[in-house]
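Contents: one structure, followed by commentary.
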Amino acid sequence: MQNAIEIQTPKERAQAVIDRLGLTISATFIPFSKSKNAKPRKDGKVWRSLNWSVTLNKRELRQRDDEGRDYVPRAILTTDYSAGEGHCPAYKASVKSLGSRDCSQRREAIDYEIEHGHAYRSVFGPGKALKPDSVDVIYSLVRDSDVIDYGSFEEWAENYSYDTDSREAERIYRACLDIALKLRNGIGEAAMAELREAFQDY
């Protein structure tokens, strides 16, 4: 008989570690028009996306009594998180399900979702609130925290193919370093190592 751990998907394995460490994500939606991605990049293109301000929380025991345990979340760090428009429900939906045979309806539905943070429903009003995948968010934070393994900005920039003379690259580096330090201070080196191992095949 196969061990349950052996048949878990990479996401299930990561979720199991996240749950054991008591980590959760809370998120506040940011309309696309007010997000940093609304500004055209150097090539003039705009990366259309769903955007949130996300907070990583760690569950901590506040008190213990005869009736059980009382846990409260403690905020570790807050940062921006984005997911491309391919994560919109309307992007994945059939044109027919959107109430039209015209593909322009899909574009309109995606526009609605990235701006309002709710699934598009043409007849019944807004659908459910759109939230980021907590495992994906924590994976992103863990990847960003790899910056702490580099001895300098130049070493990090060269590894990730950034221009070492770029102010934008240095801004990204400092933002990643801030995440790494807060994550390490919030959950400790051992937990960070567990997360990195859990995300190896993610």
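Each chain of the structure tokens is named A, B, ... in the order shown, its residues numbered from 1; ligands are numbered from 1 in display order.
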May I have a table of the residues of segment 37-81 of chain A lying at most 10 Å from segment 178-198 of chain A, giving each one's closest pair of atoms and their distance in Å to one decimal, counting only C-alpha atoms, ordered by chain and ascending residue number, as a tab-separated table?
```
residue	atom	partner	partner_atom	distance
A:Leu56	CA	A:Leu183	CA	8.8
A:Asn57	CA	A:Gly186	CA	9.0
A:Lys58	CA	A:Ile187	CA	7.7
A:Arg74	CA	A:Gly186	CA	9.0
A:Ala75	CA	A:Gly186	CA	8.4
A:Ile76	CA	A:Gly186	CA	5.4
A:Leu77	CA	A:Lys182	CA	6.2
A:Thr78	CA	A:Ile179	CA	8.5
A:Thr79	CA	A:Ile179	CA	8.1
```
Let me see the file: selected residues, N, CA and C atoms, as a compact mmCIF listing (two decimals), in the first residue's frame.
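For reference, again_37.txt as written:
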```txt
# COMPACT_ATOMS: atom_id res chain seq x y z
N LEU A 56 1.09 38.01 5.13
CA LEU A 56 1.39 36.67 5.62
C LEU A 56 1.24 36.69 7.13
N ASN A 57 0.42 35.78 7.65
CA ASN A 57 0.17 35.69 9.08
C ASN A 57 0.65 34.35 9.63
N LYS A 58 1.04 34.35 10.89
CA LYS A 58 1.39 33.11 11.58
C LYS A 58 0.46 32.93 12.75
N ARG A 74 -0.73 36.47 13.77
CA ARG A 74 0.23 37.56 13.93
C ARG A 74 0.80 37.90 12.56
N ALA A 75 0.68 39.15 12.16
CA ALA A 75 1.16 39.56 10.84
C ALA A 75 2.69 39.52 10.80
N ILE A 76 3.22 38.91 9.76
CA ILE A 76 4.67 38.82 9.57
C ILE A 76 5.15 39.86 8.56
N LEU A 77 4.44 39.96 7.45
CA LEU A 77 4.82 40.94 6.44
C LEU A 77 3.64 41.20 5.51
N THR A 78 3.67 42.38 4.89
CA THR A 78 2.65 42.76 3.91
C THR A 78 3.36 43.24 2.65
N THR A 79 2.87 42.79 1.49
CA THR A 79 3.48 43.17 0.22
C THR A 79 2.43 43.08 -0.89
```
From A:Leu130, A:Ala27, A:Leu50, A:Ile172, residue lying nearest Gly84 of chain A [only C-alpha atoms]: A:Leu50
DSSP-assigned strand (DSSP E) members of segment 25-134 of chain A, reported as a PyMOL selection string: chain A and resi 25-30+49-65+68-84
Go ahead and write the residues just picked, C-alpha atoms, as a PDB file, in the first residue's frame.
```
ATOM      1  CA  ILE A  25      -2.706  34.723   3.902  1.00  0.00           C
ATOM      2  CA  SER A  26      -5.128  37.645   4.106  1.00  0.00           C
ATOM      3  CA  ALA A  27      -5.626  39.830   1.042  1.00  0.00           C
ATOM      4  CA  THR A  28      -7.127  43.165   0.018  1.00  0.00           C
ATOM      5  CA  PHE A  29      -7.979  43.589  -3.659  1.00  0.00           C
ATOM      6  CA  ILE A  30      -6.400  46.475  -5.586  1.00  0.00           C
ATOM      7  CA  SER A  49      -3.332  41.434 -13.881  1.00  0.00           C
ATOM      8  CA  LEU A  50      -5.316  40.762 -10.764  1.00  0.00           C
ATOM      9  CA  ASN A  51      -3.691  42.613  -7.862  1.00  0.00           C
ATOM     10  CA  TRP A  52      -3.815  42.414  -4.085  1.00  0.00           C
ATOM     11  CA  SER A  53      -2.072  43.670  -1.002  1.00  0.00           C
ATOM     12  CA  VAL A  54      -1.320  40.431   0.840  1.00  0.00           C
ATOM     13  CA  THR A  55      -0.340  39.826   4.449  1.00  0.00           C
ATOM     14  CA  LEU A  56       1.388  36.672   5.620  1.00  0.00           C
ATOM     15  CA  ASN A  57       0.169  35.685   9.085  1.00  0.00           C
ATOM     16  CA  LYS A  58       1.395  33.112  11.578  1.00  0.00           C
ATOM     17  CA  ARG A  59      -1.068  31.444  13.917  1.00  0.00           C
ATOM     18  CA  GLU A  60      -0.006  31.809  17.539  1.00  0.00           C
ATOM     19  CA  LEU A  61      -1.437  30.469  20.757  1.00  0.00           C
ATOM     20  CA  ARG A  62      -2.801  33.311  22.859  1.00  0.00           C
ATOM     21  CA  GLN A  63      -3.972  31.289  25.847  1.00  0.00           C
ATOM     22  CA  ARG A  64      -4.791  27.759  26.848  1.00  0.00           C
ATOM     23  CA  ASP A  65      -7.720  26.793  29.051  1.00  0.00           C
ATOM     24  CA  GLY A  68      -9.380  24.386  24.279  1.00  0.00           C
ATOM     25  CA  ARG A  69      -6.868  26.568  22.557  1.00  0.00           C
ATOM     26  CA  ASP A  70      -7.301  30.155  21.487  1.00  0.00           C
ATOM     27  CA  TYR A  71      -5.218  31.057  18.433  1.00  0.00           C
ATOM     28  CA  VAL A  72      -4.676  34.495  16.938  1.00  0.00           C
ATOM     29  CA  PRO A  73      -2.929  35.471  13.699  1.00  0.00           C
ATOM     30  CA  ARG A  74       0.232  37.561  13.932  1.00  0.00           C
ATOM     31  CA  ALA A  75       1.164  39.560  10.844  1.00  0.00           C
ATOM     32  CA  ILE A  76       4.668  38.818   9.575  1.00  0.00           C
ATOM     33  CA  LEU A  77       4.818  40.939   6.436  1.00  0.00           C
ATOM     34  CA  THR A  78       2.650  42.764   3.911  1.00  0.00           C
ATOM     35  CA  THR A  79       3.475  43.170   0.223  1.00  0.00           C
ATOM     36  CA  ASP A  80       1.898  43.443  -3.228  1.00  0.00           C
ATOM     37  CA  TYR A  81       0.991  40.313  -5.157  1.00  0.00           C
ATOM     38  CA  SER A  82      -0.174  40.003  -8.757  1.00  0.00           C
ATOM     39  CA  ALA A  83      -1.475  37.212 -10.970  1.00  0.00           C
ATOM     40  CA  GLY A  84      -1.786  37.602 -14.744  1.00  0.00           C
TER      41      GLY A  84
END
```
Which residue is closest to Glu108 of chain A? Choose from A:Trp156, A:Ala169, A:Tyr91, A:Arg13 and count only C-alpha atoms. A:Tyr91
Shell around Phe153 of chain A at 12 Å using only C-alpha atoms, local window under 4 positions removed, as a VMD selection string: chain A and resid 147 to 149 157 to 167 169 to 177
Would you mind reading off the distance between atom CA of Asp111 of chain A and atom CA of Pro89 of chain A, one decimal, in Å?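 Separation of atom CA of Asp111 of chain A and atom CA of Pro89 of chain A: 11.5 Å.
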Could you tell me, as JSON, numbers by chain, which residues of segment 4-135 of chain A DSSP assigns to alpha helix (DSSP H) when given the backbone? {"A": [10, 11, 12, 13, 14, 15, 16, 17, 18, 19, 20, 89, 90, 91, 92, 104, 105, 106, 107, 108, 109, 110, 111, 112, 113, 114, 115, 116, 134, 135]}
Choose the residue, out of A:Phe32, A:Tyr112, A:Tyr120, A:Phe199, that has the smallest atom-to-atom separation from Leu141 of chain A; count only C-alpha atoms.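 So, comparing all the options, the nearest one is A:Phe199.
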By how many Å are atom CA of His118 of chain A and atom CA of Ser134 of chain A apart?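 These atoms are spaced 17.4 Å apart.
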Atom CA of Gly86 of chain A and atom CA of Ala16 of chain A, how far apart in Å?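 Atom CA of Gly86 of chain A lies 26.4 Å from atom CA of Ala16 of chain A.
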